[in-house]
>>> print(open('structure.cif').read())   # mmCIF, C-alpha atoms and all ligand atoms
data_entry
#
loop_
_atom_site.label_atom_id
_atom_site.label_comp_id
_atom_site.auth_asym_id
_atom_site.auth_seq_id
_atom_site.Cartn_x
_atom_site.Cartn_y
_atom_site.Cartn_z
CA MET A 1 0.00 0.00 0.00
CA THR A 2 1.39 3.38 -0.88
CA PRO A 3 1.36 6.10 1.76
CA PRO A 4 -0.90 9.10 1.14
CA ALA A 5 0.71 11.74 -1.01
CA SER A 6 1.81 14.84 0.82
CA VAL A 7 2.24 18.23 -0.77
CA SER A 8 5.80 19.34 -0.31
CA THR A 9 6.42 23.00 0.43
CA SER A 10 9.90 22.80 -1.01
CA GLN A 11 10.59 23.57 -4.65
CA PRO A 12 13.23 22.09 -6.89
CA ALA A 13 16.57 23.84 -6.48
CA ARG A 14 16.80 24.32 -10.26
CA ASP A 15 13.89 26.78 -10.14
CA PRO A 16 15.79 30.01 -9.50
CA ALA A 17 14.14 32.43 -7.11
CA PRO A 18 12.88 35.64 -8.73
CA ILE A 19 15.11 37.86 -6.63
CA ALA A 20 16.55 40.92 -8.40
CA ARG A 21 20.34 40.89 -8.34
CA ASP A 22 20.70 44.66 -8.21
CA LEU A 23 18.70 44.95 -4.99
CA PRO A 24 19.80 43.38 -1.70
CA PRO A 25 17.87 40.26 -0.62
CA ILE A 26 16.47 41.15 2.82
CA ASP A 27 14.44 39.27 5.42
CA LEU A 28 12.80 41.44 8.08
CA HIS A 29 10.81 38.77 9.88
CA ARG A 30 12.55 35.57 10.94
CA HIS A 31 12.45 33.88 14.35
CA LEU A 32 15.87 32.46 15.12
CA ASP A 33 14.34 29.98 17.56
CA GLY A 34 12.05 28.80 14.76
CA ASN A 35 15.11 28.05 12.67
CA VAL A 36 17.20 25.41 14.41
CA ARG A 37 18.96 22.81 12.27
CA LEU A 38 17.83 19.21 12.75
CA THR A 39 21.46 18.13 13.13
CA THR A 40 21.94 20.75 15.85
CA ILE A 41 18.84 19.58 17.71
CA LEU A 42 20.26 16.05 17.69
CA GLU A 43 23.76 17.12 18.72
CA LEU A 44 22.58 19.39 21.54
CA ALA A 45 20.20 16.70 22.79
CA ARG A 46 23.07 14.20 22.89
CA ALA A 47 25.44 16.65 24.59
CA TYR A 48 22.94 17.58 27.30
CA GLY A 49 21.24 14.20 27.71
CA ILE A 50 17.83 15.31 26.43
CA ARG A 51 15.34 12.73 25.21
CA LEU A 52 13.92 13.37 21.75
CA PRO A 53 11.15 11.52 19.90
CA ALA A 54 13.77 10.34 17.37
CA ASP A 55 17.55 10.00 17.20
CA ASN A 56 18.25 10.65 13.52
CA VAL A 57 17.48 13.44 11.08
CA GLU A 58 14.91 11.65 8.94
CA GLU A 59 12.85 10.39 11.87
CA LEU A 60 13.11 13.71 13.68
CA ARG A 61 12.04 15.72 10.65
CA PRO A 62 8.25 15.15 10.95
CA HIS A 63 8.39 16.10 14.64
CA ALA A 64 10.25 19.36 13.96
CA GLN A 65 8.99 20.45 10.57
CA ILE A 66 5.69 20.93 8.83
CA GLN A 67 6.00 19.07 5.58
CA ASP A 68 2.49 19.48 4.27
CA VAL A 69 0.99 22.73 3.17
CA VAL A 70 -1.88 22.43 5.61
CA ALA A 71 -1.39 21.84 9.31
CA SER A 72 -3.20 23.14 12.37
CA VAL A 73 -2.00 25.99 14.56
CA MET A 74 -1.49 23.45 17.35
CA ASP A 75 0.77 21.43 15.05
CA PHE A 76 2.82 24.53 14.45
CA ILE A 77 3.16 25.31 18.15
CA ALA A 78 4.08 21.74 19.01
CA ARG A 79 7.09 21.99 16.71
CA PHE A 80 8.26 25.17 18.45
CA ALA A 81 8.20 23.27 21.74
CA LEU A 82 10.56 20.66 20.34
CA LEU A 83 13.05 23.32 19.25
CA LYS A 84 12.85 24.91 22.71
CA LEU A 85 13.86 21.58 24.24
CA VAL A 86 17.44 22.20 23.16
CA CYS A 87 17.65 25.83 24.33
CA VAL A 88 19.21 24.31 27.38
CA ALA A 89 22.07 26.71 28.16
CA GLU A 90 23.49 30.02 26.98
CA ASP A 91 26.10 28.29 24.81
CA ALA A 92 23.36 26.37 23.01
CA VAL A 93 21.49 29.61 22.39
CA ALA A 94 24.64 31.29 21.04
CA ARG A 95 25.25 28.34 18.72
CA ILE A 96 21.70 28.48 17.37
CA ALA A 97 22.09 32.23 16.74
CA GLU A 98 25.43 31.82 15.00
CA GLU A 99 24.08 29.03 12.77
CA ASN A 100 21.16 31.26 11.84
CA VAL A 101 23.65 33.80 10.53
CA GLU A 102 25.48 31.12 8.54
CA ASP A 103 22.23 29.79 7.04
CA THR A 104 21.19 33.33 6.13
CA ALA A 105 24.44 33.92 4.27
CA ARG A 106 24.01 30.62 2.40
CA GLU A 107 20.57 31.79 1.21
CA GLY A 108 22.24 34.82 -0.33
CA ILE A 109 20.63 37.29 2.07
CA ASP A 110 22.53 40.56 2.56
CA TYR A 111 20.65 41.89 5.56
CA ILE A 112 18.35 40.25 8.08
CA GLU A 113 16.56 41.13 11.28
CA LEU A 114 16.44 38.02 13.47
CA ARG A 115 13.96 38.03 16.30
CA CYS A 116 13.34 35.99 19.43
CA SER A 117 11.54 36.06 22.75
CA PRO A 118 14.32 35.44 25.29
CA ALA A 119 11.86 34.53 28.05
CA CYS A 120 10.20 31.99 25.77
CA MET A 121 13.54 30.53 24.68
CA GLY A 122 14.74 30.26 28.27
CA GLU A 123 11.44 29.26 29.82
CA ARG A 124 11.91 25.51 29.94
CA TYR A 125 15.25 25.57 31.74
CA GLY A 126 14.72 28.78 33.73
CA LEU A 127 17.34 30.83 31.87
CA ASP A 128 17.43 34.56 32.56
CA PRO A 129 16.01 36.55 29.59
CA THR A 130 18.82 39.11 29.58
CA ARG A 131 21.45 36.37 29.56
CA VAL A 132 19.59 34.53 26.77
CA LEU A 133 19.43 37.67 24.65
CA ALA A 134 23.09 38.41 25.40
CA ALA A 135 23.94 34.89 24.17
CA VAL A 136 21.96 35.60 20.98
CA CYS A 137 23.95 38.82 20.48
CA ARG A 138 27.20 36.89 21.04
CA GLY A 139 26.25 34.21 18.51
CA VAL A 140 25.16 36.76 15.93
CA LYS A 141 28.40 38.69 16.31
CA ALA A 142 30.42 35.50 15.86
CA GLY A 143 28.41 34.69 12.75
CA MET A 144 28.83 38.16 11.28
CA ALA A 145 32.59 37.88 11.76
CA ARG A 146 32.57 34.77 9.56
CA TYR A 147 29.88 35.40 6.96
CA PRO A 148 29.11 38.33 4.65
CA VAL A 149 25.71 39.23 6.02
CA GLN A 150 24.57 42.06 8.24
CA VAL A 151 22.27 41.15 11.10
CA GLN A 152 20.29 43.06 13.69
CA ILE A 153 18.18 41.59 16.46
CA ILE A 154 14.59 42.27 17.49
CA GLY A 155 13.50 41.30 21.00
CA ILE A 156 10.02 39.91 21.48
CA MET A 157 7.64 40.24 24.38
CA SER A 158 5.65 37.00 24.46
CA ARG A 159 2.03 37.86 25.07
CA HIS A 160 1.18 34.71 27.03
CA LEU A 161 4.02 34.93 29.59
CA GLY A 162 2.55 37.69 31.77
CA GLU A 163 3.29 41.17 33.06
CA GLU A 164 6.53 40.45 34.91
CA SER A 165 7.96 38.68 31.88
CA TYR A 166 6.99 41.54 29.52
CA TRP A 167 9.10 43.99 31.51
CA ARG A 168 12.02 41.58 31.79
CA GLU A 169 12.05 40.98 28.03
CA LEU A 170 11.73 44.69 27.32
CA GLU A 171 14.51 45.66 29.73
CA ALA A 172 16.72 42.91 28.26
CA ALA A 173 16.24 44.41 24.79
CA ILE A 174 17.01 47.93 26.04
CA ALA A 175 20.10 46.72 27.92
CA LEU A 176 21.48 45.10 24.76
CA MET A 177 20.84 47.93 22.30
CA GLY A 178 24.59 48.46 21.95
CA GLU A 179 25.11 44.75 21.18
CA GLY A 180 22.93 44.42 18.09
CA VAL A 181 19.37 44.73 19.38
CA ILE A 182 17.51 47.31 17.34
CA GLY A 183 13.81 46.77 17.96
CA ILE A 184 11.00 45.20 19.94
CA ASP A 185 8.03 43.11 18.86
CA LEU A 186 4.99 41.58 20.46
CA ALA A 187 4.21 37.96 19.62
CA GLY A 188 2.14 34.99 20.66
CA ASP A 189 -1.50 34.68 21.62
CA GLU A 190 -3.02 37.80 20.07
CA ALA A 191 -6.63 36.77 20.68
CA ASN A 192 -6.33 36.42 24.46
CA PHE A 193 -3.62 39.02 25.15
CA PRO A 194 -4.56 42.10 23.09
CA GLY A 195 -2.24 45.01 22.40
CA THR A 196 -4.24 47.21 24.79
CA ARG A 197 -2.26 45.61 27.63
CA PHE A 198 1.03 46.86 26.23
CA VAL A 199 0.63 50.63 25.85
CA ARG A 200 3.06 51.45 28.70
CA HIS A 201 5.62 48.90 27.54
CA PHE A 202 5.80 50.34 24.05
CA ALA A 203 5.94 53.90 25.42
CA ARG A 204 9.01 52.84 27.41
CA ALA A 205 10.50 51.07 24.35
CA ARG A 206 10.07 54.13 22.12
CA ALA A 207 11.52 56.42 24.78
CA ALA A 208 14.58 54.16 24.96
CA GLY A 209 15.02 54.36 21.17
CA LEU A 210 13.91 50.86 20.18
CA ARG A 211 12.25 50.53 16.77
CA ILE A 212 8.75 49.05 16.82
CA THR A 213 7.22 46.17 14.91
CA VAL A 214 4.09 44.44 16.17
CA TYR A 215 2.67 41.08 15.26
CA ALA A 216 -1.02 41.82 14.75
CA GLY A 217 -3.95 41.00 12.51
CA GLU A 218 -3.52 37.25 12.44
CA ALA A 219 -5.48 35.68 15.34
CA ALA A 220 -7.32 38.99 15.94
CA GLY A 221 -8.94 41.17 13.31
CA ALA A 222 -8.08 44.46 11.63
CA TRP A 223 -8.84 46.42 14.85
CA SER A 224 -5.71 44.87 16.34
CA VAL A 225 -3.62 46.34 13.52
CA ARG A 226 -5.15 49.78 14.11
CA GLN A 227 -4.43 49.53 17.83
CA ALA A 228 -0.80 48.53 17.17
CA ILE A 229 -0.30 51.57 14.93
CA GLU A 230 -2.19 54.18 16.93
CA GLU A 231 -1.45 53.10 20.51
CA LEU A 232 1.80 51.13 20.34
CA GLY A 233 3.58 53.15 17.67
CA ALA A 234 4.14 50.24 15.26
CA GLU A 235 6.29 51.21 12.26
CA ARG A 236 5.83 47.76 10.78
CA ILE A 237 3.18 45.09 11.26
CA GLY A 238 4.12 41.41 11.49
CA HIS A 239 1.84 39.30 9.27
CA GLY A 240 -1.17 41.66 9.30
CA ALA A 241 -3.00 39.22 7.07
CA ARG A 242 -6.44 40.36 8.28
CA ALA A 243 -5.82 44.11 7.95
CA SER A 244 -7.59 43.96 4.61
CA GLU A 245 -10.87 43.11 6.41
CA ASP A 246 -11.34 46.83 7.16
CA PRO A 247 -10.84 49.45 4.41
CA ALA A 248 -10.34 52.18 7.05
CA VAL A 249 -7.41 50.24 8.53
CA MET A 250 -5.99 49.77 5.04
CA ARG A 251 -6.15 53.56 4.55
CA LEU A 252 -4.45 54.11 7.91
CA ILE A 253 -1.61 51.76 6.94
CA ALA A 254 -1.13 53.57 3.65
CA GLU A 255 -1.30 57.08 5.16
CA ARG A 256 1.26 56.28 7.85
CA GLY A 257 3.57 54.42 5.47
CA ILE A 258 3.44 51.27 7.62
CA THR A 259 5.24 48.24 6.19
CA LEU A 260 3.61 44.81 6.27
CA GLU A 261 5.88 41.85 7.03
CA VAL A 262 4.08 39.15 5.07
CA CYS A 263 5.04 35.47 5.54
CA PRO A 264 3.09 33.47 2.93
CA THR A 265 3.91 29.84 3.74
CA SER A 266 3.62 30.34 7.49
CA ASN A 267 0.17 31.91 7.07
CA VAL A 268 -1.04 29.01 4.96
CA GLN A 269 0.41 26.42 7.33
CA THR A 270 -1.33 27.97 10.33
CA GLN A 271 -4.50 28.38 8.22
CA THR A 272 -4.64 32.12 8.87
CA VAL A 273 -5.03 32.30 5.12
CA PRO A 274 -6.92 29.29 3.69
CA ASP A 275 -4.72 28.86 0.62
CA TYR A 276 -2.13 30.65 -1.49
CA ALA A 277 -4.75 31.71 -4.03
CA ARG A 278 -6.47 33.82 -1.37
CA HIS A 279 -3.28 35.27 0.11
CA PRO A 280 -3.56 39.07 0.32
CA PRO A 281 -0.19 40.36 -1.06
CA PRO A 282 -1.40 40.84 -4.65
CA GLN A 283 -4.37 43.01 -3.59
CA LEU A 284 -2.25 44.79 -0.97
CA LEU A 285 0.45 45.66 -3.49
CA ARG A 286 -2.06 46.78 -6.07
CA ALA A 287 -3.64 49.02 -3.40
CA GLY A 288 -0.24 50.64 -2.90
CA GLN A 289 0.62 49.05 0.45
CA ARG A 290 4.23 48.51 1.42
CA VAL A 291 4.47 44.72 1.40
CA THR A 292 7.61 42.73 2.19
CA LEU A 293 8.21 38.97 1.90
CA ASN A 294 9.68 37.13 4.86
CA SER A 295 10.36 33.60 6.04
CA ASP A 296 9.00 33.60 9.67
CA ASP A 297 10.14 30.18 10.95
CA PRO A 298 12.15 28.52 8.18
CA GLY A 299 13.20 25.53 10.32
CA ILE A 300 9.59 24.67 11.13
CA SER A 301 8.12 25.53 7.73
CA ALA A 302 10.97 23.74 5.86
CA ILE A 303 11.52 26.76 3.63
CA ASP A 304 13.93 29.64 3.09
CA LEU A 305 13.56 33.18 1.75
CA PRO A 306 14.15 32.23 -1.93
CA HIS A 307 11.31 29.71 -1.50
CA GLU A 308 8.96 32.49 -0.45
CA TYR A 309 9.88 34.52 -3.54
CA ARG A 310 9.13 31.47 -5.71
CA VAL A 311 5.79 31.05 -3.92
CA ALA A 312 5.02 34.72 -4.50
CA ARG A 313 5.63 34.34 -8.22
CA ASN A 314 4.31 30.82 -8.84
CA ARG A 315 1.33 30.68 -6.48
CA LEU A 316 0.43 34.26 -5.56
CA GLY A 317 0.94 35.40 -9.14
CA LEU A 318 3.14 38.42 -8.42
CA THR A 319 4.92 39.95 -11.38
CA THR A 320 8.64 40.60 -11.68
CA ASP A 321 8.02 44.31 -11.13
CA GLU A 322 5.95 43.62 -8.01
CA LEU A 323 8.68 41.39 -6.63
CA ARG A 324 11.19 44.17 -7.26
CA THR A 325 8.92 46.54 -5.35
CA ILE A 326 8.83 44.08 -2.47
CA GLN A 327 12.64 43.97 -2.34
CA ALA A 328 12.80 47.78 -2.44
CA ASN A 329 10.17 47.96 0.31
CA ALA A 330 12.30 45.75 2.56
CA LEU A 331 15.33 47.97 2.02
CA ALA A 332 13.27 51.07 2.80
CA ALA A 333 11.67 49.54 5.91
CA ALA A 334 14.76 47.92 7.42
CA PHE A 335 15.70 49.34 10.82
CA ILE A 336 18.98 50.78 9.51
CA ASP A 337 20.31 54.26 8.86
CA ASP A 338 20.52 55.76 5.38
CA VAL A 339 24.28 55.21 5.13
CA THR A 340 23.81 51.46 5.68
CA ARG A 341 20.88 51.45 3.25
CA ALA A 342 23.04 53.05 0.57
CA ARG A 343 25.88 50.64 1.27
CA LEU A 344 23.63 47.57 0.98
CA LEU A 345 22.28 48.89 -2.32
CA ALA A 346 25.78 49.59 -3.63
CA ILE A 347 26.93 46.05 -2.76
CA ALA A 348 24.01 44.54 -4.69
CA GLN A 349 24.47 46.82 -7.69
CA LYS A 350 28.17 46.04 -7.86
CA ARG A 351 27.41 42.32 -7.71
CA ALA A 352 24.86 42.66 -10.53
CA THR A 353 27.28 44.29 -12.96
ZN ZN A 401 6.47 35.63 13.13
#
>>> encode(input="structure.cif", output="structure tokens")
Amino acid sequence: MTPPASVSTSQPARDPAPIARDLPPIDLHRHLDGNVRLTTILELARAYGIRLPADNVEELRPHAQIQDVVASVMDFIARFALLKLVCVAEDAVARIAEENVEDTAREGIDYIELRCSPACMGERYGLDPTRVLAAVCRGVKAGMARYPVQVQIIGIMSRHLGEESYWRELEAAIALMGEGVIGIDLAGDEANFPGTRFVRHFARARAAGLRITVYAGEAAGAWSVRQAIEELGAERIGHGARASEDPAVMRLIAERGITLEVCPTSNVQTQTVPDYARHPPPQLLRAGQRVTLNSDDPGISAIDLPHEYRVARNRLGLTTDELRTIQANALAAAFIDDVTRARLLAIAQKRAT
């Protein structure tokens, strides 16, 4: 009997990604703790004596990755828990961060903003959030010394972890601003922990000089996107898939020049968007919104950034010009200064000639 066919999210390597060579490939929304190599999970588990559901890559893969296009949100979350099992010590965290930088460089990315919730990463083994985030900064620095990619870090406040944790994660991000942390995000259970709880936290973050991106408009509706912009000071919105439910919110996004960090495969896997054909980027772009394409959790989704560009062309139907606009949007919305922006552009243009 043959096993049921599954729809692979991966594309053949010979299908080149439609990424313009004269613009820098940029990923603004990637969780480094959602991007842990299977081999690293196995090695760390062995080193620290952690029991896993499998002891080789092929048997571990279905526990760590989503291999079909459609899975439930609970399936997605269960895979995160497995990756967190190996965030067992600061050295392990630093290794995961450094390998993220290496993987990014191998994808051909020039600039990336990696994000993580240090309290969430350290939760299982009681690691201190500031020390976890410091280990991330250490790993990223080590990676940047070895690979030609520029990386900045975004701290996350995990919505479900509670008030004390919010402040600890925020203060960790502020304390490490000189070590590569550039911004703060809000992630997790949007439906039960709305942005209205976080007005004071984001006021503190803005006063300290952190840049603001907020995950909103996925589990909750367009109102959550409005609240993130008007009350939290969001410059970018993570996902924001449901913003298009309210034309007034769409107008607000356009007027304020807010950038949307769209993650196509992740949204389909969590069923936020029922299928690629109904994914909003084409209508958003054609309405003049600043859309970017991002990978979210490549280790869980079994994808990379080039994959998402192929999806955007092959399944969302975006044109070459629209994909160019997306790349330019990412450069414009990156949390970098204009000198760095110009340098990234110059590197890409030189490479293209
Ligand atoms: Zn995300």
>>> residues_around(input="structure.cif", residues="Val181 of chain A", least_positions_apart="6", cutoff="9 Å", atoms="all atoms listed in the file", output="list in words")
Leu133, Cys137, Gln152, Ile153, Ile154, Gly155, Ala173, Ile174, Ala175 and Leu210 of chain A
>>> closest_residue(input="structure.cif", among="A:Ile41, A:Ala191, A:Ala142, A:Ile182", to="Ala94 of chain A", atoms="all atoms listed in the file")
A:Ala142
>>> residues_near_ligand(input="structure.cif", ligand="ligand ZN 401 (chain A)", cutoff="8 Å", atoms="only C-alpha atoms and all ligand atoms", output="list in words")
His29, Arg30, His31, Ala187, Tyr215, Gly238, His239, Cys263, Asp296 and Asp297 of chain A
>>> write_last_selection(input="structure.cif", atoms="C-alpha atoms", output="JSON list (two decimals), in the frame of the given file")
[["chain", "number", "residue", "atom", "x", "y", "z"],
["A", 29, "HIS", "CA", 10.81, 38.77, 9.88],
["A", 30, "ARG", "CA", 12.55, 35.57, 10.94],
["A", 31, "HIS", "CA", 12.45, 33.88, 14.35],
["A", 187, "ALA", "CA", 4.21, 37.96, 19.62],
["A", 215, "TYR", "CA", 2.67, 41.08, 15.26],
["A", 238, "GLY", "CA", 4.12, 41.41, 11.49],
["A", 239, "HIS", "CA", 1.84, 39.30, 9.27],
["A", 263, "CYS", "CA", 5.04, 35.47, 5.54],
["A", 296, "ASP", "CA", 9.00, 33.60, 9.67],
["A", 297, "ASP", "CA", 10.14, 30.18, 10.95]]
>>> atom_distance(input="structure.cif", atom1="atom CA of Ala254 of chain A", atom2="atom CA of Val268 of chain A")
24.6 Å
>>> residues_near_point(input="structure.cif", point="(24.5, 31.2, 23.6)", cutoff="10 Å", atoms="only C-alpha atoms", output="list in words")
Cys87, Val88, Ala89, Glu90, Asp91, Ala92, Val93, Ala94, Arg95, Ile96, Ala97, Glu98, Arg131, Val132, Leu133, Ala134, Ala135, Val136, Cys137, Arg138, Gly139 and Val140 of chain A
>>> residues_around(input="structure.cif", residues="Thr196 of chain A", least_positions_apart="4", cutoff="10 Å", atoms="only C-alpha atoms", output="list in words")
Arg200, Ser224, Gln227, Ala228, Glu231 and Leu232 of chain A
>>> closest_residue(input="structure.cif", among="A:Met121, A:Leu114, A:Leu186, A:Ala20", to="Gln349 of chain A", atoms="all atoms listed in the file")
A:Ala20
>>> atom_distance(input="structure.cif", atom1="atom CA of Asn192 of chain A", atom2="atom CA of Ile300 of chain A")
23.9 Å
>>> atom_distance(input="structure.cif", atom1="atom CA of Gly122 of chain A", atom2="atom CA of Leu85 of chain A")
9.6 Å
>>> residues_around(input="structure.cif", residues="segment 288-295 of chain A", least_positions_apart="3", cutoff="6 Å", atoms="all atoms listed in the file", output="ChimeraX atom specification")
/A:27,29-30,254,259-263,284-285,298,305,326,330
